[in-house]
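Student: Sharing a structure, written as structure tokens. Questions coming.
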Protein chains: 4
Amino acid sequence: MKTIGLVTGGGDAPGLNAVIRAAVKTAVGEYGLRVVGVEDSFEGLLGETRVRELMPADVRGLLPRGGTILGTRNRGRFVVRDADGGHHRRPEDVYREAVANLERLSIEALVVIGGEGTLTIATEFDRLGFPVVGVPKTIDNDLAATELTFGFMTALDIATEALDRLHTTAESHDRVMLLEVMGRHAGWIALHSGVSGGADVILIPEIPFSMAKVAEKVSEREKCDSQFSIIVVAEGAKEVEGSEVYQDMGDAQGSPRLGGMGHHIAHELGRLTGKEARCVVLGHLQRGGSPNAFDRMLATNFGSAAVRALQRGERGVMVSLQAANIRTVPIADAVANLKTVQPESQLVRTARDVGVSFGALNEDDYHKHEIC
Amino acid sequence: MKTIGLVTGGGDAPGLNAVIRAAVKTAVGEYGLRVVGVEDSFEGLLGETRVRELMPADVRGLLPRGGTILGTRNRGRFVVRDADGGHHRRPEDVYREAVANLERLSIEALVVIGGEGTLTIATEFDRLGFPVVGVPKTIDNDLAATELTFGFMTALDIATEALDRLHTTAESHDRVMLLEVMGRHAGWIALHSGVSGGADVILIPEIPFSMAKVAEKVSEREKCDSQFSIIVVAEGAKEVEGSEVYQDMGDAQGSPRLGGMGHHIAHELGRLTGKEARCVVLGHLQRGGSPNAFDRMLATNFGSAAVRALQRGERGVMVSLQAANIRTVPIADAVANLKTVQPESQLVRTARDVGVSFGALNEDDYHKHEIC
Amino acid sequence: MKTIGLVTGGGDAPGLNAVIRAAVKTAVGEYGLRVVGVEDSFEGLLGETRVRELMPADVRGLLPRGGTILGTRNRGRFVVRDADGGHHRRPEDVYREAVANLERLSIEALVVIGGEGTLTIATEFDRLGFPVVGVPKTIDNDLAATELTFGFMTALDIATEALDRLHTTAESHDRVMLLEVMGRHAGWIALHSGVSGGADVILIPEIPFSMAKVAEKVSEREKCDSQFSIIVVAEGAKEVEGSEVYQDMGDAQGSPRLGGMGHHIAHELGRLTGKEARCVVLGHLQRGGSPNAFDRMLATNFGSAAVRALQRGERGVMVSLQAANIRTVPIADAVANLKTVQPESQLVRTARDVGVSFGALNEDDYHKHEIC
Amino acid sequence: MKTIGLVTGGGDAPGLNAVIRAAVKTAVGEYGLRVVGVEDSFEGLLGETRVRELMPADVRGLLPRGGTILGTRNRGRFVVRDADGGHHRRPEDVYREAVANLERLSIEALVVIGGEGTLTIATEFDRLGFPVVGVPKTIDNDLAATELTFGFMTALDIATEALDRLHTTAESHDRVMLLEVMGRHAGWIALHSGVSGGADVILIPEIPFSMAKVAEKVSEREKCDSQFSIIVVAEGAKEVEGSEVYQDMGDAQGSPRLGGMGHHIAHELGRLTGKEARCVVLGHLQRGGSPNAFDRMLATNFGSAAVRALQRGERGVMVSLQAANIRTVPIADAVANLKTVQPESQLVRTARDVGVSFGALNEDDYHKHEIC
């Protein structure tokens, strides 16, 4: 193997550039390979192709820099999401064109850095016989095959700092402050940052909440002389069907402009508790910018390990973190198994033990003693 | 004078607790005074009153802590905003009750920490003959009588860090990213953070913008091979009346749920430029939490200087920063003169000199040479 | 069990207060226990005893606060370090006095938060039949029984940010900049922060370095047109015996005032390479202050899990992180096995793959290709 | 004027690159000038010369980056410091060579960014008739002609954060913790960060301290049940001559290896108070790295204003901040007047009012009441 290609796909995550830097340094410095960067995800492999050689000098200073120097514009020519959010594959000729271009460019294998969607595309290349090694990228940390993905810890730092800031305002002004964080299907960011930021209520997709139960928690805190509450809401938090308050929500849901779950809950809680409730949506702030120390280390480890895996002949695998070690797992398995918060898991239990409510209908089963 | 009172009013600002700490330490340690903290702004002076003595031990560790230990719940019994946003005074008997309570509590003077509204109330106490010294508090930094107010620099740090994070995502994904910051009548946070965060466009209330001009700037940047743009929007940014695009805005304005100026502009720009445009609203994140080094210093200086002013017999004045010194000015003058960005001021000129567009109709008069 | 005690011992680590908070909230809120905090480590159990009940209200706001509200003054009455740095136990009557006092105070079990020394004392209580559960605390992250300890990640963030700052100065001024970090016996902080901060050389106790090899790396970088180098030094870094430069070191070693390994290496490198070399010693900056998001979460999990372990009858065990789960292990085993960096481990390999030199005599075996 | 040159000289300061960026964007974009960057300070103007054209594309992304892309290697060929620390000028032929080279390169004027030394060199160019405009750079903020210099606020943030971290350790472990910061002749960083970081003692060159008085303050705090103290020491802090403890210092002063004023004081205080005292030297950490929001804004304003000054015909002047505006002052005047802390100034008074001791012999005159 003399030349490998690098592809980055999907949304931004702190650490993408650190993966690129490590992969280039390892490939060139350790194995004497040539590295070609593909621009704009797999799109850069179609038509005229948009690629450029990456030398160690090109990746200098990339470690602390957010984003990806390769760009990740995506026109969806390789894959589209169907109505259910699932992936629908495009005709094989698009893939064949890409592979033909790779061969024309003398690229013999690809390191593909991306989320579930991008890695699913990568498995197609593998199925066509083109060697691929994947590097998982998801801010949500929802891939079962790896304990952690880079970017997640940075997102937690940002969300936790936001909670610290909201705390002082909530406390001084007797308010309910909500922070909406990412997590459409998995509540990892909400759960972790909620515990780290001292939230009183954490609402995640995996534990449907009752608005009445949340309002109850806010009111109970008032009895404990805590006139404020801090609530973390995953964007995909789900209300319990049939709950008392659920009917009111109909209108709100019909009006998506209300602006997401966080604003909806703030509005309802204000109505139910008579307190001022405000919501901040963290949005893109939690997925861009410089990675923290851990994410730089993990990204470097992933980038370097991916090249080593290619070099020793592994194909169709993804690097992953397991028990503090980097291992490889089949990409196909990895993308097939999403990791969601188990409602009876340790961290959920710890959160409840320190007084956090998840707004579940059976929430009272968990908080047995007064902790005023 | 043996006993003074402390009142904090209005919205949160990093440094409130630092003012309280400095005032208590100066009053007790330097002048041997007794200090009484009034809870929940002036409301704590009505009815049963809610006050407590503050000893130096009570203010230990307050310097880095956001919020105010005195709380600022406000039920508007002293003042309400009328329809025009101006202040409408309540009957004098509310004030007389407060003054009677102050006398009953042996409080001989008040240090009042607050914004335009709170300080306007303070002038009423002064008019009734009750000694008051004010400490200005406004995140927006829009008081003419002082060069800077505490909390403003911290807000700039937060907004600038947010811009850094949006930058990497915008650049990697070829997007238009907007950040909406505070500033209903004055664009100071937008202007300063826009310059510090390397924004391409800054939209402030003082310089009405044309949506077409903003779209033009985004498109010009594409010609310079910059496929992304960063835009900072003050919440009070105003569109030029009669501009080509203005008509379309009618509906949006009629639909406040769309969510503020930032989201509105993102939507319009997406339509006009065909690019993905996303908006993040910084909201409460820019007004809570720990103050930065400068704001802690300024707040300490203000708190200490306010007590010194009281002690040397000044009344009805507000401490202010002028040419690196703390001075005092009449509160009445201070609240009468708001400070807005002068469209031809130095920092606006510098911003334009480094390539920033304010979206003004005559914007082309300022950018004479290509800077690709 | 009705009453448990909390003890914190040893040096500072970000997260101690978070452990206390979680333990109190879990014990009181979940199990209805009474919690007594012991002041100044085990010393508070002797003589008059210094203890105080901890209610949930007492631990409010502790999550982001560094240090320990219980204090950790240590007069060494329970244990002293002998000449070899090993622990020498004190006569059993000190322990018996402590246990008698615990019984008098109706404390039925202890949660002990501390490092190797403190946990070793804890095993003595266990041996005397007094129930103990340990929570590991070591900034150095050198306990084999747990993948991570709280405080370590925060230390990495601080060291990495320091490296970022040194980087720009080194690059602009063509200097060799050294950062000395903690790690007397284990190089974890140096290794991790070195990888995250883009160091060119990492010197750790586990891989003895040759000064000549380090100087060689600095000179090689000059050939690659990198006129600067960044070096991370663990305080316990060891020079290879018999290396060419070793003899010169004699004097320096005889003069401990020179100020640690970092300053020594800076001095020698300046002499060997003719470049300006400067050293910054991070010292206490890396072990105090507010914990980052991860450390708050881990500390909370540890504190809560320790109380749960006590409650379900476990004794003589320590909570630990293994494969993303909190488990318990015998304290005696935990303190007997320190974890050091394995010279052939993955992260060392990754570091070398991205171009880092460890200054080993056989360093050339690892860097086969030029990476200019 | 068609072409201008840029020179950066002296030690690192956060914001140098931001000045370069603003100067280039203003010169090229606003005035259509050509900009040439001179490498390695004025040295790049000798011999073969080391210069390169700077286009707007070359300064993209520089705003948040520390250091200077032009480098500041200095071999002292233009100036050397004499034994008294004063500047001794080199023979005029070095200057003439530089001017001849500037003319050969068609550079018609220079923007010189530097501290006292670099700006003194700049005045020589001005005296020889070569147009120069200066931009002041000093972390110490000790130029009388400008209220603030870029980099100072960032240094304060770093020092204040360091104090926050030391605080928790000092408090938990009953220690005296010292932080040594920059300031050989002026104590601005120590004074400001000391106030912002809640120091108990601040030692600066302008107020000679008595070791006995400092020890007294530490002991008084113990009586107030504060078993710890935080001390900020400017590197140039001076002990009062003839003070009781002064004689002991003789040896220490004779042994520079002891490592600066901070370590010396820690050692003496440990001896005098019987408490553990530790010192951290911030060193280069306070002068490298990314500038904070204010420093980016100020640096941008300075860079842009310097080009505007050149363009409107000003020569031999330096841009400066006065009462929130950028003005120009003669460089010669600016470098002739250093700004030191006035012992009776407002901030010193505020510091004392909040309980800070400066260790002065007459310190007791200022702290009249107990503030336990």
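Residues in the structure tokens are numbered from 1 in each chain, the chains being A, B, ... in the order shown, and ligands are numbered from 1 in the order shown.
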Hey, list the chain B side of the contact with chain D: 8 Å cut-off, only C-alpha atoms, answer as an mmCIF file with N, CA and C atoms, in the first residue's frame.
Tutor:
data_model
loop_
_atom_site.group_PDB
_atom_site.id
_atom_site.type_symbol
_atom_site.label_atom_id
_atom_site.label_comp_id
_atom_site.auth_asym_id
_atom_site.auth_seq_id
_atom_site.Cartn_x
_atom_site.Cartn_y
_atom_site.Cartn_z
ATOM 1 N N ALA B 22 -17.339 44.082 48.176
ATOM 2 C CA ALA B 22 -16.466 45.245 48.368
ATOM 3 C C ALA B 22 -17.133 46.282 49.253
ATOM 4 N N LYS B 25 -17.017 44.969 52.890
ATOM 5 C CA LYS B 25 -15.668 44.996 53.463
ATOM 6 C C LYS B 25 -15.213 46.426 53.724
ATOM 7 N N THR B 26 -15.530 47.327 52.798
ATOM 8 C CA THR B 26 -15.119 48.725 52.968
ATOM 9 C C THR B 26 -15.880 49.374 54.118
ATOM 10 N N VAL B 28 -17.498 48.007 56.708
ATOM 11 C CA VAL B 28 -17.212 47.440 58.025
ATOM 12 C C VAL B 28 -15.739 47.607 58.390
ATOM 13 N N GLY B 29 -14.865 47.241 57.455
ATOM 14 C CA GLY B 29 -13.437 47.214 57.786
ATOM 15 C C GLY B 29 -12.790 48.583 57.808
ATOM 16 N N GLU B 30 -13.252 49.476 56.929
ATOM 17 C CA GLU B 30 -12.587 50.768 56.831
ATOM 18 C C GLU B 30 -13.268 51.821 57.700
ATOM 19 N N TYR B 31 -14.607 51.759 57.763
ATOM 20 C CA TYR B 31 -15.326 52.821 58.460
ATOM 21 C C TYR B 31 -16.081 52.347 59.708
ATOM 22 N N GLY B 32 -16.026 51.068 59.995
ATOM 23 C CA GLY B 32 -16.695 50.573 61.190
ATOM 24 C C GLY B 32 -18.216 50.693 61.135
ATOM 25 N N PRO B 56 -18.448 40.754 57.204
ATOM 26 C CA PRO B 56 -17.403 40.312 56.274
ATOM 27 C C PRO B 56 -17.418 38.801 56.043
ATOM 28 N N ALA B 57 -17.706 38.019 57.094
ATOM 29 C CA ALA B 57 -17.720 36.566 56.924
ATOM 30 C C ALA B 57 -18.814 36.129 55.942
ATOM 31 N N LEU B 63 -16.415 36.834 45.434
ATOM 32 C CA LEU B 63 -15.789 37.504 44.289
ATOM 33 C C LEU B 63 -16.034 36.775 42.961
ATOM 34 N N PRO B 64 -15.773 35.472 42.898
ATOM 35 C CA PRO B 64 -15.978 34.788 41.614
ATOM 36 C C PRO B 64 -17.404 34.317 41.364
ATOM 37 N N GLU B 147 -17.843 54.977 31.332
ATOM 38 C CA GLU B 147 -17.250 54.347 30.147
ATOM 39 C C GLU B 147 -17.581 52.870 30.078
ATOM 40 N N MET B 153 -17.722 43.171 29.935
ATOM 41 C CA MET B 153 -16.541 42.466 29.420
ATOM 42 C C MET B 153 -16.745 40.951 29.472
ATOM 43 N N LEU B 156 -18.813 39.996 26.651
ATOM 44 C CA LEU B 156 -18.016 39.983 25.414
ATOM 45 C C LEU B 156 -17.191 38.703 25.301
ATOM 46 N N ASP B 157 -16.606 38.286 26.409
ATOM 47 C CA ASP B 157 -15.831 37.039 26.377
ATOM 48 C C ASP B 157 -16.707 35.870 25.934
ATOM 49 N N THR B 160 -17.704 36.225 22.273
ATOM 50 C CA THR B 160 -16.554 36.008 21.390
ATOM 51 C C THR B 160 -16.202 34.526 21.325
ATOM 52 N N HIS B 192 -18.676 45.090 19.692
ATOM 53 C CA HIS B 192 -17.407 44.662 20.274
ATOM 54 C C HIS B 192 -17.134 43.179 20.015
ATOM 55 N N SER B 193 -18.123 42.332 20.265
ATOM 56 C CA SER B 193 -17.862 40.905 20.082
ATOM 57 C C SER B 193 -17.712 40.580 18.601
ATOM 58 N N VAL B 195 -16.256 42.502 16.372
ATOM 59 C CA VAL B 195 -14.871 42.830 16.021
ATOM 60 C C VAL B 195 -13.931 41.783 16.623
ATOM 61 N N SER B 196 -14.165 41.410 17.883
ATOM 62 C CA SER B 196 -13.274 40.452 18.554
ATOM 63 C C SER B 196 -13.410 39.038 18.001
ATOM 64 N N GLY B 197 -14.597 38.712 17.514
ATOM 65 C CA GLY B 197 -14.845 37.362 17.029
ATOM 66 C C GLY B 197 -14.691 37.240 15.516
ATOM 67 N N GLY B 198 -14.246 38.320 14.864
ATOM 68 C CA GLY B 198 -13.996 38.236 13.425
ATOM 69 C C GLY B 198 -15.253 38.071 12.594
ATOM 70 N N ASN B 292 -15.343 37.891 34.703
ATOM 71 C CA ASN B 292 -13.916 37.765 34.353
ATOM 72 C C ASN B 292 -13.092 38.718 35.214
ATOM 73 N N ALA B 293 -11.786 38.704 35.017
ATOM 74 C CA ALA B 293 -10.892 39.465 35.896
ATOM 75 C C ALA B 293 -11.244 40.951 35.904
ATOM 76 N N PHE B 294 -11.458 41.531 34.736
ATOM 77 C CA PHE B 294 -11.729 42.962 34.683
ATOM 78 C C PHE B 294 -13.010 43.313 35.431
ATOM 79 N N ARG B 296 -14.488 41.755 37.821
ATOM 80 C CA ARG B 296 -14.327 41.624 39.275
ATOM 81 C C ARG B 296 -13.629 42.871 39.826
ATOM 82 N N MET B 297 -12.628 43.350 39.094
ATOM 83 C CA MET B 297 -11.884 44.540 39.536
ATOM 84 C C MET B 297 -12.794 45.755 39.518
ATOM 85 N N THR B 300 -15.442 45.584 42.212
ATOM 86 C CA THR B 300 -14.842 45.842 43.526
ATOM 87 C C THR B 300 -14.601 47.341 43.705
ATOM 88 N N ASN B 301 -14.050 47.951 42.676
ATOM 89 C CA ASN B 301 -13.789 49.384 42.715
ATOM 90 C C ASN B 301 -15.087 50.181 42.901
ATOM 91 N N SER B 304 -16.566 49.644 46.544
ATOM 92 C CA SER B 304 -15.758 50.327 47.543
ATOM 93 C C SER B 304 -15.919 51.847 47.411
ATOM 94 N N ALA B 305 -15.907 52.331 46.167
ATOM 95 C CA ALA B 305 -16.019 53.774 45.931
ATOM 96 C C ALA B 305 -17.394 54.306 46.328
ATOM 97 N N GLN B 322 -14.354 56.843 34.406
ATOM 98 C CA GLN B 322 -14.032 57.872 33.412
ATOM 99 C C GLN B 322 -12.525 57.977 33.311
ATOM 100 N N ALA B 323 -12.018 57.724 32.100
ATOM 101 C CA ALA B 323 -10.574 57.818 31.875
ATOM 102 C C ALA B 323 -9.800 57.057 32.939
ATOM 103 N N ALA B 324 -10.205 55.811 33.173
ATOM 104 C CA ALA B 324 -9.497 54.909 34.086
ATOM 105 C C ALA B 324 -9.603 55.314 35.551
ATOM 106 N N ASN B 325 -10.460 56.255 35.874
ATOM 107 C CA ASN B 325 -10.681 56.615 37.271
ATOM 108 C C ASN B 325 -12.145 56.458 37.648
ATOM 109 N N ILE B 326 -12.392 56.182 38.914
ATOM 110 C CA ILE B 326 -13.763 56.133 39.394
ATOM 111 C C ILE B 326 -14.134 57.539 39.848
ATOM 112 N N GLN B 346 -15.096 55.543 16.065
ATOM 113 C CA GLN B 346 -13.841 54.878 15.745
ATOM 114 C C GLN B 346 -13.962 53.368 15.566
ATOM 115 N N LEU B 347 -14.662 52.703 16.495
ATOM 116 C CA LEU B 347 -14.703 51.248 16.425
ATOM 117 C C LEU B 347 -15.519 50.789 15.219
ATOM 118 N N THR B 350 -13.103 51.178 12.424
ATOM 119 C CA THR B 350 -12.140 50.080 12.436
ATOM 120 C C THR B 350 -12.790 48.799 11.913
ATOM 121 N N ASP B 353 -12.923 49.018 8.362
ATOM 122 C CA ASP B 353 -11.570 48.930 7.799
ATOM 123 C C ASP B 353 -11.070 47.490 7.729
ATOM 124 N N VAL B 354 -11.504 46.656 8.656
ATOM 125 C CA VAL B 354 -11.070 45.252 8.591
ATOM 126 C C VAL B 354 -12.067 44.408 7.808
ATOM 127 N N GLY B 355 -13.018 45.067 7.120
ATOM 128 C CA GLY B 355 -13.860 44.340 6.181
ATOM 129 C C GLY B 355 -15.268 44.011 6.634
ATOM 130 N N TYR B 366 -17.909 52.606 1.959
ATOM 131 C CA TYR B 366 -16.825 52.375 2.907
ATOM 132 C C TYR B 366 -15.797 51.349 2.464
ATOM 133 N N HIS B 367 -16.198 50.426 1.621
ATOM 134 C CA HIS B 367 -15.284 49.345 1.263
ATOM 135 C C HIS B 367 -14.825 49.555 -0.167
ATOM 136 N N LYS B 368 -13.713 50.260 -0.305
ATOM 137 C CA LYS B 368 -13.361 50.689 -1.658
ATOM 138 C C LYS B 368 -12.519 49.684 -2.427
ATOM 139 N N HIS B 369 -11.716 48.901 -1.728
ATOM 140 C CA HIS B 369 -10.823 47.990 -2.429
ATOM 141 C C HIS B 369 -11.199 46.532 -2.162
ATOM 142 N N GLU B 370 -10.914 45.712 -3.129
ATOM 143 C CA GLU B 370 -11.156 44.283 -2.951
ATOM 144 C C GLU B 370 -10.191 43.746 -1.892
ATOM 145 N N ILE B 371 -10.660 42.896 -1.027
ATOM 146 C CA ILE B 371 -9.705 42.348 -0.068
ATOM 147 C C ILE B 371 -9.682 40.828 -0.095
ATOM 148 N N CYS B 372 -9.978 40.288 -1.230
ATOM 149 C CA CYS B 372 -9.953 38.828 -1.348
ATOM 150 C C CYS B 372 -8.601 38.273 -0.896
#
Student: Among the residues of segment 43-158 of chain C, find those DSSP assigns to helix (DSSP H, G or I) from the backbone and print them as a ChimeraX atom specification.
Tutor: /C:43-45,56-59,92-104,116-127,152-158
Student: For Leu361 of chain B, list every protein, DNA or RNA residue within 9 Å, evaluated using only C-alpha atoms, and leave out those in the same chain fewer than 6 positions away; present the list as a list in words.
Tutor: Pro208, Phe209, Ser210, Ala212, Lys213, Val240 and Ser243 of chain B
Student: Please save C-alpha atoms of the selected residues as a compact mmCIF listing (two decimals), in the first residue's frame.
Tutor:
# COMPACT_ATOMS: atom_id res chain seq x y z
CA PRO B 208 -30.43 50.11 10.11
CA PHE B 209 -29.60 47.31 7.72
CA SER B 210 -30.83 46.26 4.34
CA ALA B 212 -30.28 42.80 0.37
CA LYS B 213 -26.99 44.40 1.41
CA VAL B 240 -34.16 49.79 6.77
CA SER B 243 -35.84 48.34 1.47
Student: Pick out the residues sitting within 12 Å of Gly37 of chain C, and hand them over as a PyMOL selection string; count only C-alpha atoms, and ignore anything fewer than 6 positions along from it in its own chain.
Tutor: chain C and resi 3-8+17+20-21+23-24+44-45+49-55+58-59+68-72+102+105+107+109-113
Student: What does the distance between atom CA of Met1 of chain B and atom CA of Arg104 of chain B come to in Å, to one decimal place?
Tutor: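 Those two atoms sit 14.9 Å apart.
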Student: Excluding same-chain residues fewer than 5 positions from Thr169 of chain C, what lies within 7 Å of it counting only C-alpha atoms, as a ChimeraX atom specification?
Tutor: /D:12,67,288
Student: Residues of segment 137-206 of chain D classed as strand (DSSP E or B) by DSSP on the backbone are to be reported as JSON, numbers by chain.
Tutor: {"D": [143, 176, 177, 178, 179, 180, 181, 201, 202, 203]}
Student: May I have the selected residues written with C-alpha atoms, as a tab-separated table (two decimals), in the first residue's frame?
Tutor:
chain	number	residue	atom	x	y	z
D	143	LEU	CA	3.49	52.98	29.28
D	176	VAL	CA	0.02	30.18	52.41
D	177	MET	CA	0.03	30.14	48.62
D	178	LEU	CA	2.04	32.68	46.62
D	179	LEU	CA	1.71	33.51	42.96
D	180	GLU	CA	4.59	35.33	41.31
D	181	VAL	CA	3.51	37.37	38.30
D	201	VAL	CA	-1.47	40.42	50.34
D	202	ILE	CA	-0.15	42.13	47.18
D	203	LEU	CA	3.54	42.94	46.90
